[in-house]
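One file, input.txt, is given below (compact mmCIF, C-alpha atoms).
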```txt
# COMPACT_ATOMS: atom_id res chain seq x y z
CA MET D 4 -91.38 1.39 -99.20
CA GLU D 5 -94.25 -1.01 -98.62
CA THR D 6 -94.69 -2.16 -95.06
CA ILE D 7 -96.53 -4.87 -93.19
CA THR D 8 -98.14 -4.29 -89.82
CA LEU D 9 -97.15 -6.68 -87.06
CA VAL D 10 -99.79 -7.90 -84.62
CA ASN D 11 -98.81 -5.20 -82.10
CA GLY D 12 -99.19 -2.42 -84.67
CA VAL D 13 -95.49 -1.95 -85.44
CA GLU D 14 -94.79 -1.17 -89.11
CA MET D 15 -92.07 -3.35 -90.67
CA PRO D 16 -90.65 -2.76 -94.18
CA ILE D 17 -91.45 -5.69 -96.44
CA LEU D 18 -87.99 -5.35 -98.03
CA GLY D 19 -84.82 -5.08 -95.97
CA PHE D 20 -81.09 -5.66 -96.21
CA GLY D 21 -79.22 -8.60 -94.67
CA VAL D 22 -75.57 -8.70 -93.57
CA TYR D 23 -75.03 -12.44 -93.02
CA GLN D 24 -71.41 -13.49 -93.73
CA VAL D 25 -70.19 -9.89 -94.00
CA THR D 26 -67.73 -10.49 -91.19
CA ASP D 27 -65.16 -7.79 -91.94
CA LEU D 28 -66.35 -4.76 -89.96
CA THR D 29 -65.00 -2.19 -92.40
CA GLU D 30 -66.65 -4.00 -95.30
CA CYS D 31 -69.90 -4.36 -93.37
CA GLU D 32 -70.02 -0.66 -92.52
CA ARG D 33 -69.41 0.14 -96.19
CA VAL D 34 -72.17 -2.08 -97.53
CA VAL D 35 -74.71 -0.95 -94.95
CA THR D 36 -73.84 2.66 -95.73
CA GLU D 37 -74.38 1.97 -99.43
CA ALA D 38 -77.64 0.16 -98.73
CA ILE D 39 -78.87 3.17 -96.78
CA GLU D 40 -77.87 5.43 -99.70
CA VAL D 41 -79.95 3.21 -102.02
CA GLY D 42 -82.95 3.59 -99.72
CA TYR D 43 -82.97 0.55 -97.43
CA ARG D 44 -84.14 1.32 -93.92
CA SER D 45 -84.55 -2.22 -92.56
CA ILE D 46 -81.23 -3.84 -91.62
CA ASP D 47 -81.02 -7.44 -90.40
CA THR D 48 -78.02 -8.54 -88.34
CA ALA D 49 -77.37 -11.06 -85.52
CA GLN D 50 -75.07 -11.65 -82.60
CA ALA D 51 -73.61 -14.62 -84.45
CA TYR D 52 -72.71 -12.48 -87.48
CA GLY D 53 -70.14 -10.54 -85.47
CA ASN D 54 -70.96 -7.26 -87.19
CA GLU D 55 -73.47 -5.46 -84.95
CA GLU D 56 -70.92 -2.69 -84.25
CA ALA D 57 -70.49 -1.96 -87.96
CA VAL D 58 -74.26 -1.84 -88.52
CA GLY D 59 -74.64 0.57 -85.62
CA ARG D 60 -71.89 2.86 -86.90
CA ALA D 61 -73.34 2.95 -90.41
CA ILE D 62 -76.76 3.93 -89.09
CA ILE D 63 -75.38 6.66 -86.82
CA ASN D 64 -73.03 8.03 -89.48
CA SER D 65 -75.87 8.19 -92.01
CA GLY D 66 -77.27 11.20 -90.17
CA ILE D 67 -80.78 9.80 -90.66
CA PRO D 68 -82.95 9.77 -87.52
CA ARG D 69 -82.92 6.44 -85.69
CA GLU D 70 -86.71 6.17 -85.83
CA GLU D 71 -86.59 5.90 -89.62
CA PHE D 72 -84.77 2.58 -89.36
CA PHE D 73 -86.07 -0.89 -88.57
CA LEU D 74 -83.22 -2.78 -86.93
CA THR D 75 -83.23 -6.54 -86.34
CA THR D 76 -80.80 -8.71 -84.41
CA LYS D 77 -80.91 -12.26 -83.03
CA ILE D 78 -79.89 -14.04 -79.82
CA TRP D 79 -77.48 -16.88 -80.53
CA ILE D 80 -77.73 -20.39 -79.05
CA SER D 81 -74.79 -19.98 -76.66
CA ASN D 82 -76.52 -16.93 -75.17
CA GLY D 83 -79.61 -19.00 -74.40
CA GLY D 84 -81.37 -18.76 -71.03
CA TYR D 85 -82.92 -15.89 -69.12
CA GLU D 86 -79.82 -14.32 -67.56
CA LYS D 87 -77.44 -14.86 -70.47
CA ALA D 88 -80.03 -13.59 -72.94
CA LYS D 89 -80.48 -10.39 -70.94
CA GLN D 90 -76.72 -9.88 -70.84
CA SER D 91 -76.49 -10.47 -74.58
CA LEU D 92 -79.35 -8.03 -75.25
CA ASN D 93 -77.51 -5.36 -73.29
CA GLU D 94 -74.39 -6.07 -75.35
CA SER D 95 -76.35 -5.86 -78.59
CA LEU D 96 -77.88 -2.53 -77.56
CA GLU D 97 -74.39 -1.24 -76.77
CA LYS D 98 -72.82 -2.52 -80.00
CA LEU D 99 -75.65 -1.14 -82.11
CA GLN D 100 -75.43 2.17 -80.19
CA THR D 101 -79.18 2.40 -79.77
CA ASP D 102 -81.67 2.71 -76.91
CA TYR D 103 -84.02 0.18 -78.49
CA ILE D 104 -84.07 -2.56 -81.13
CA ASP D 105 -87.03 -2.83 -83.48
CA LEU D 106 -87.03 -6.64 -83.62
CA VAL D 107 -85.14 -9.34 -81.74
CA LEU D 108 -85.40 -12.98 -82.71
CA ILE D 109 -84.23 -16.21 -81.11
CA HIS D 110 -81.81 -17.38 -83.80
CA GLN D 111 -82.26 -21.15 -83.45
CA PRO D 112 -84.63 -23.33 -81.36
CA PHE D 113 -81.94 -24.80 -79.12
CA ASN D 114 -80.63 -24.34 -75.57
CA ASP D 115 -83.02 -22.70 -73.09
CA TYR D 116 -84.94 -20.69 -75.66
CA TYR D 117 -87.89 -20.31 -73.31
CA GLY D 118 -85.61 -18.52 -70.86
CA SER D 119 -84.35 -16.33 -73.68
CA TYR D 120 -87.90 -15.56 -74.73
CA ARG D 121 -88.89 -14.53 -71.19
CA ALA D 122 -85.98 -12.10 -71.21
CA MET D 123 -87.18 -10.73 -74.55
CA GLU D 124 -90.71 -10.34 -73.22
CA GLU D 125 -89.33 -8.39 -70.27
CA TYR D 126 -87.30 -6.06 -72.51
CA TYR D 127 -90.30 -5.67 -74.81
CA LYS D 128 -92.49 -4.53 -71.91
CA ALA D 129 -89.75 -2.09 -70.89
CA GLY D 130 -89.73 -0.56 -74.39
CA LYS D 131 -86.20 -1.70 -75.22
CA LEU D 132 -87.56 -3.99 -77.94
CA LYS D 133 -90.36 -2.92 -80.26
CA ALA D 134 -91.15 -6.47 -81.44
CA ILE D 135 -90.00 -10.01 -80.62
CA GLY D 136 -90.02 -13.29 -82.46
CA VAL D 137 -88.12 -16.39 -83.50
CA SER D 138 -86.03 -17.69 -86.36
CA ASN D 139 -85.69 -21.17 -87.85
CA PHE D 140 -88.60 -22.49 -85.78
CA TYR D 141 -90.24 -25.35 -87.69
CA PRO D 142 -94.03 -25.65 -87.28
CA ASP D 143 -93.79 -28.03 -84.30
CA ARG D 144 -91.49 -25.83 -82.24
CA PHE D 145 -93.24 -22.70 -83.45
CA ILE D 146 -96.65 -23.89 -82.27
CA ASP D 147 -95.14 -24.90 -78.93
CA ILE D 148 -93.68 -21.46 -78.18
CA ALA D 149 -96.69 -19.63 -79.65
CA LYS D 150 -99.05 -21.48 -77.31
CA PHE D 151 -96.99 -21.36 -74.14
CA SER D 152 -95.45 -17.89 -74.18
CA GLU D 153 -97.12 -14.81 -72.74
CA ILE D 154 -96.50 -12.84 -75.95
CA PRO D 155 -96.62 -15.07 -79.06
CA PRO D 156 -93.85 -14.48 -81.62
CA MET D 157 -94.61 -11.58 -83.92
CA VAL D 158 -92.17 -12.81 -86.60
CA ASN D 159 -90.69 -16.16 -87.61
CA GLN D 160 -87.71 -15.83 -89.95
CA VAL D 161 -87.22 -19.05 -91.91
CA GLU D 162 -85.52 -20.24 -95.09
CA THR D 163 -87.97 -19.18 -97.80
CA HIS D 164 -87.34 -19.04 -101.54
CA VAL D 165 -88.85 -20.39 -104.74
CA PHE D 166 -87.48 -23.89 -104.09
CA ASN D 167 -88.67 -23.99 -100.47
CA GLN D 168 -91.74 -21.79 -100.31
CA GLN D 169 -93.00 -22.57 -96.79
CA VAL D 170 -96.64 -22.44 -97.91
CA GLU D 171 -98.01 -24.64 -95.13
CA ALA D 172 -95.73 -23.12 -92.51
CA GLN D 173 -96.96 -19.66 -93.49
CA LYS D 174 -100.56 -20.76 -92.97
CA ILE D 175 -99.70 -21.99 -89.48
CA MET D 176 -97.96 -18.70 -88.66
CA GLU D 177 -100.97 -16.74 -89.87
CA LYS D 178 -103.17 -18.74 -87.50
CA TYR D 179 -101.10 -17.29 -84.63
CA HIS D 180 -100.88 -13.80 -86.21
CA THR D 181 -97.15 -14.24 -86.81
CA GLN D 182 -95.42 -12.62 -89.78
CA ILE D 183 -93.27 -14.88 -91.97
CA GLU D 184 -89.87 -13.48 -92.95
CA SER D 185 -87.51 -15.00 -95.50
CA TRP D 186 -83.83 -15.61 -95.11
CA GLY D 187 -82.02 -16.78 -98.23
CA PRO D 188 -84.57 -15.45 -100.76
CA PHE D 189 -82.10 -16.27 -103.54
CA ALA D 190 -81.34 -19.74 -102.13
CA GLU D 191 -77.73 -18.51 -102.02
CA GLY D 192 -77.53 -19.41 -105.70
CA LYS D 193 -78.22 -23.11 -105.18
CA ASN D 194 -80.07 -25.13 -107.85
CA ASP D 195 -78.70 -22.74 -110.51
CA PHE D 196 -81.07 -20.16 -109.08
CA PHE D 197 -79.86 -17.17 -111.09
CA THR D 198 -80.19 -18.99 -114.42
CA ASN D 199 -83.51 -20.67 -113.71
CA GLU D 200 -85.41 -20.76 -117.01
CA THR D 201 -88.85 -20.34 -115.45
CA LEU D 202 -87.86 -17.21 -113.55
CA ALA D 203 -85.91 -15.88 -116.52
CA GLU D 204 -88.90 -16.23 -118.88
CA ILE D 205 -91.18 -14.43 -116.47
CA GLY D 206 -88.50 -11.79 -115.97
CA ASP D 207 -88.20 -11.20 -119.71
CA LYS D 208 -91.94 -10.54 -119.88
CA HIS D 209 -91.67 -7.85 -117.20
CA GLN D 210 -88.18 -6.64 -118.17
CA LYS D 211 -86.89 -7.73 -114.78
CA SER D 212 -84.09 -10.02 -113.58
CA VAL D 213 -84.44 -13.48 -112.06
CA ALA D 214 -83.62 -11.98 -108.65
CA GLN D 215 -86.28 -9.30 -109.00
CA VAL D 216 -88.92 -11.85 -110.00
CA ALA D 217 -88.02 -14.05 -107.04
CA LEU D 218 -88.29 -11.15 -104.59
CA ARG D 219 -91.52 -9.93 -106.14
CA TYR D 220 -93.03 -13.40 -105.83
CA LEU D 221 -92.37 -13.48 -102.09
CA ILE D 222 -93.51 -9.89 -101.58
CA GLN D 223 -96.83 -10.62 -103.29
CA ARG D 224 -97.24 -13.53 -100.88
CA LYS D 225 -96.74 -11.03 -98.02
CA VAL D 226 -93.38 -12.54 -97.10
CA VAL D 227 -90.83 -10.08 -95.69
CA VAL D 228 -87.51 -10.38 -97.55
CA ILE D 229 -83.96 -9.36 -96.59
CA PRO D 230 -81.69 -10.01 -99.59
CA LYS D 231 -77.96 -9.70 -98.99
CA THR D 232 -75.32 -8.43 -101.40
CA VAL D 233 -72.07 -6.48 -101.14
CA ASN D 234 -72.53 -5.03 -104.64
CA LYS D 235 -74.26 -1.65 -104.81
CA ASP D 236 -75.65 -2.24 -108.31
CA ARG D 237 -77.38 -5.38 -107.04
CA MET D 238 -78.64 -3.48 -103.99
CA ILE D 239 -80.29 -1.06 -106.41
CA GLN D 240 -81.71 -3.90 -108.51
CA ASN D 241 -83.08 -5.73 -105.46
CA PHE D 242 -84.72 -2.51 -104.28
CA ASP D 243 -86.43 -1.96 -107.64
CA VAL D 244 -89.26 -4.46 -107.26
CA PHE D 245 -92.29 -2.28 -106.60
CA ASP D 246 -93.05 -1.10 -110.14
CA PHE D 247 -94.41 -4.37 -111.54
CA VAL D 248 -96.90 -7.04 -110.56
CA LEU D 249 -96.75 -10.75 -111.28
CA SER D 250 -99.95 -12.12 -112.78
CA ASN D 251 -101.91 -14.98 -111.24
CA GLN D 252 -100.44 -17.21 -113.94
CA ASP D 253 -96.92 -16.03 -113.11
CA MET D 254 -97.53 -16.78 -109.44
CA ALA D 255 -98.92 -20.25 -110.20
CA THR D 256 -95.98 -21.05 -112.46
CA ILE D 257 -93.44 -20.05 -109.82
CA GLN D 258 -95.34 -22.02 -107.19
CA GLY D 259 -94.59 -25.06 -109.32
CA LEU D 260 -90.87 -24.69 -108.51
CA ASP D 261 -91.47 -25.53 -104.84
CA GLN D 262 -89.60 -28.64 -103.71
CA GLY D 263 -90.88 -28.37 -100.16
CA GLU D 264 -87.58 -28.99 -98.38
CA SER D 265 -84.50 -27.14 -97.22
CA LEU D 266 -81.48 -26.67 -99.46
CA PHE D 267 -79.29 -25.98 -96.43
CA PHE D 268 -79.90 -27.97 -93.25
CA SER D 269 -82.43 -29.89 -91.20
CA HIS D 270 -83.00 -29.67 -87.47
CA TYR D 271 -84.02 -33.31 -87.64
CA ASP D 272 -80.42 -34.24 -88.55
CA PRO D 273 -78.43 -34.96 -85.35
CA GLU D 274 -75.13 -33.93 -86.95
CA THR D 275 -76.57 -30.54 -87.91
CA VAL D 276 -77.90 -29.94 -84.41
CA ASP D 277 -74.59 -31.04 -82.89
CA PHE D 278 -72.76 -28.57 -85.15
CA LEU D 279 -75.09 -25.62 -84.49
CA THR D 280 -75.18 -26.09 -80.72
CA GLY D 281 -71.40 -26.33 -80.66
CA LEU D 282 -70.89 -22.88 -82.17
CA LYS D 283 -69.83 -20.35 -79.53
CA LEU D 284 -69.57 -16.59 -79.87
```

Mind converting the file's structure to structure tokens?
Amino acid sequence: METITLVNGVEMPILGFGVYQVTDLTECERVVTEAIEVGYRSIDTAQAYGNEEAVGRAIINSGIPREEFFLTTKIWISNGGYEKAKQSLNESLEKLQTDYIDLVLIHQPFNDYYGSYRAMEEYYKAGKLKAIGVSNFYPDRFIDIAKFSEIPPMVNQVETHVFNQQVEAQKIMEKYHTQIESWGPFAEGKNDFFTNETLAEIGDKHQKSVAQVALRYLIQRKVVVIPKTVNKDRMIQNFDVFDFVLSNQDMATIQGLDQGESLFFSHYDPETVDFLTGLKL
């Protein structure tokens, strides 16, 4: 597995496995177990997903040493603030049945996220977190927290796929030595993603699927990806992206698909913010 090195020297797999919307704990434990069997060692969960316990059980039951895994979770909005964030981190450690978490992110830039980040910095210094960062922080909020925190975010996980490529945002993150990570690398199928003619033509040339081309494109841009599926065959397919290389022309052609805007939500929309900040765990 290829890795990227975070600013503090921690090695992070460039390809991981996400469990968003896998809310049934039995199902989640099954799919994580299958992902581990395929070869995934980076697992991305969150407090808001409600499945940290299942992820923890799958890792323990795998019999593979804990240090071989890279485990990510995220602090939800309603757990914002120094004291509540610390309490939620303790709960996450307990649910995941681990002494440390490899990466913790602030899930959304709302509530007292500075208080949450101070708690994360404290747990990082204590060795309970190996890396810390943020998620869904647009460039304005990202720059703000990067400049005014003691330990700048090591990762920013944002919506990144061929239709919203985050090229400028990635440049800003690189300025602060922050690793970009993609959620939704398949755009959750929007814009007829899986039948896109451009990706399909490039895939035919390399004998790869649309999904594999899309993942390979992001990987070659040094974007960490965490595709999610509950189908083991697709897990295998998504994992099989290291035996081909997209040409410069392929990369330029795919770059032309960029629409430069979200297919899901905008933090600049008051109704969206009202909805997100109203979600309680």

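Counting only C-alpha atoms and comparing D:Val233, D:Val165, D:Leu99, D:Val276, the residue that lies closest to D:Asn114 is D:Val276.
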
One decimal, Å: what's the distance from atom CA of D:Asn241 over to atom CA of D:Val137, could you say?
24.9 Å

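Among D:Ser265, D:Gln50, D:Ser45, D:Ser81, the residue with the shortest atom-to-atom distance to D:Gln168, counting all atoms listed in the file, is D:Ser265.
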
d(atom CA of D:Leu279, atom CA of D:Asn159) in Å
18.5 Å

Which residue, D:Ser95, D:Thr6, D:Gln160, D:Thr201, has the smallest gap to D:Leu18 when you use all atoms listed in the file?
D:Thr6
